[in-house]
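One structure below.
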Amino acid sequence: MTVTFCGHGDIQYGSEIKKKLYEMLENLINQGADEFLLGGYGNFDMMAAHTVRDLKEQYPNIQSVFVMPYLNREYDTALYDETIYPDIEHIPKRLAIIKRNEYMVDAADVVIAYVEHGWGGAAKTMMYAIKKGKQIVSLCENSRSL
């Protein structure tokens, strides 16, 4: 089972949200999740990447995959087991993150969301996941009303 994430880059999260994410991911791992596609941008993405890395100590079979939006950039990939670049070279650079996010949703069975409001990239990604009929698990009460 493949899991991906969508959430605001500027969220302020505390230990309660990180604990909830940890428990949610552990539950998904116990249901067969073994691949985690991560965007690597912003606070929510980094919280997700660190949580997957923490869980890897207990579940060494899981894979943490950084999905790159651009080829011509340097990335710190220390948190990830591998990196991939979707076939988006032909996309204008201003749309690369949107198309990368759509790629991650398309490839995932489950989307973990932390979306507090209906605008911005995280909301667009979540709306795309809803349109695609993906299973969405929310960490945020507000995202249920989008």
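Labels for the structure tokens follow display order: chains A, B, ..., residues from 1 in each chain, ligands from 1.
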Worksheet item: Contacts of segment 84-100 of chain A at 8 Å or less, counting only C-alpha atoms, minus same-chain residues fewer than 4 places along, as JSON, numbers by chain?
Response: {"A": [65, 66, 67, 68, 69, 70, 71, 104, 121, 125]}
Discussion item. Based on the backbone DSSP call, show me all residues of chain A assigned strand (DSSP E), as a ChimeraX atom specification.
Written reply: /A:2-7,35-38,63-67,82-84,110-114,135-138
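Within 10 Å of Lys18 of chain A, once only C-alpha atoms are used and residues closer than 4 positions along the same chain are dropped, the contacting residues are Tyr13, Gly14, Tyr22, Glu23, Met24, Phe44, Met47, Ala48, His50, Thr51 and Leu139 of chain A.
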Convert the current residue selection to file output with N, CA and C atoms, as a tab-separated table (two decimals), in the first residue's frame.
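Output (out.tsv):
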```
chain	number	residue	atom	x	y	z
A	13	TYR	N	2.81	23.02	14.12
A	13	TYR	CA	2.31	21.80	14.73
A	13	TYR	C	3.05	21.53	16.02
A	14	GLY	N	2.36	20.85	16.89
A	14	GLY	CA	2.95	20.49	18.17
A	14	GLY	C	3.06	18.98	18.30
A	22	TYR	N	2.00	9.83	13.85
A	22	TYR	CA	2.75	8.61	14.12
A	22	TYR	C	1.80	7.42	14.28
A	23	GLU	N	0.76	7.60	15.10
A	23	GLU	CA	-0.20	6.52	15.34
A	23	GLU	C	-0.96	6.16	14.06
A	24	MET	N	-1.32	7.17	13.28
A	24	MET	CA	-2.04	6.95	12.03
A	24	MET	C	-1.17	6.15	11.05
A	44	PHE	N	4.63	20.69	7.03
A	44	PHE	CA	3.90	19.42	7.08
A	44	PHE	C	4.69	18.31	6.41
A	47	MET	N	7.47	17.24	8.72
A	47	MET	CA	6.96	16.46	9.84
A	47	MET	C	6.66	15.03	9.37
A	48	ALA	N	6.05	14.89	8.21
A	48	ALA	CA	5.74	13.57	7.67
A	48	ALA	C	7.03	12.78	7.41
A	50	HIS	N	10.02	13.11	8.77
A	50	HIS	CA	10.65	12.73	10.04
A	50	HIS	C	9.88	11.60	10.72
A	51	THR	N	8.57	11.63	10.64
A	51	THR	CA	7.76	10.58	11.27
A	51	THR	C	7.97	9.24	10.57
A	139	LEU	N	-5.84	14.77	9.46
A	139	LEU	CA	-5.30	15.11	10.78
A	139	LEU	C	-5.94	16.38	11.32
```
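The space between atom CA of Ala33 of chain A and atom CA of Leu79 of chain A spans 18.1 Å.
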Practice prompt. Please give the complete set of residues from segment 6-139 of chain A that DSSP, run on the backbone, assigns to helix (DSSP H, G or I), formatted as a PyMOL selection string.
Written response: chain A and resi 15-30+42-58+93-107+121-131
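Pairwise distance (atom CA of Lys134 of chain A, atom CA of Ala122 of chain A) equals 15.0 Å.
If only C-alpha atoms are the atoms counted, then among A:Lys56, A:Asp81, A:Asn43, A:Trp119 the closest residue to Leu25 of chain A is A:Lys56.
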Discussion item. When you look at Tyr41 of chain A with a cut-off of 7 Å (counting only C-alpha atoms), what residues show up, excluding the ones that are within fewer than 3 positions of it in the same chain? I need them as a PyMOL selection string.
Written reply: chain A and resi 9+45-46
Given the selection you just returned, output its residues as a file containing N, CA and C atoms, formatted as a short mmCIF file (atom, residue, chain, number, x, y, z; two decimals), in the first residue's frame.
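Wrote it out as selection-v8.cif, contents follow:
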```cif
data_model
loop_
_atom_site.label_atom_id
_atom_site.label_comp_id
_atom_site.auth_asym_id
_atom_site.auth_seq_id
_atom_site.Cartn_x
_atom_site.Cartn_y
_atom_site.Cartn_z
N GLY A 9 2.36 24.19 3.99
CA GLY A 9 3.78 24.35 4.26
C GLY A 9 4.09 25.16 5.49
N ASP A 45 5.26 18.60 5.24
CA ASP A 45 6.07 17.59 4.54
C ASP A 45 7.24 17.13 5.40
N MET A 46 7.87 18.06 6.09
CA MET A 46 9.03 17.68 6.91
C MET A 46 8.60 16.88 8.13
#
```
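Counting only C-alpha atoms, the residue from A:Gln58, A:Ile136, A:Glu35, A:Asn27 that sits nearest to Ala113 of chain A is A:Ile136.
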Practice prompt. Considering only C-alpha atoms, return as JSON, numbers by chain whatever protein or nucleic-acid residues lie within 8 Å of Tyr80 of chain A, sequence-local ones (same chain, fewer than 2 positions apart) excluded.
Written response: {"A": [49, 53, 63, 64, 65, 66, 77, 78, 82, 83]}
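Atom CA of Met1 of chain A is found 27.6 Å from atom CA of Gly118 of chain A.
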Item to complete: Give the answer as one residue: which of A:Ser138, A:Asn61, A:Thr2, A:Asn72 has the shortest atom-to-atom distance to Leu28 of chain A, using only C-alpha atoms?
Response: A:Thr2
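Using only C-alpha atoms, the smallest distance between any of A:Ile17, A:Ile130, A:Val110, A:Ile11 and Ile29 of chain A comes from A:Val110.
Comparing A:Asn101, A:Lys19, A:Arg73, A:Gly39 by their smallest distance to Leu55 of chain A, the closest is A:Lys19 (using only C-alpha atoms).
The residue that comes closest to Phe5 of chain A, out of A:Gln31, A:Tyr59, A:Tyr114, A:Lys20 and on the basis of only C-alpha atoms, is A:Tyr114.
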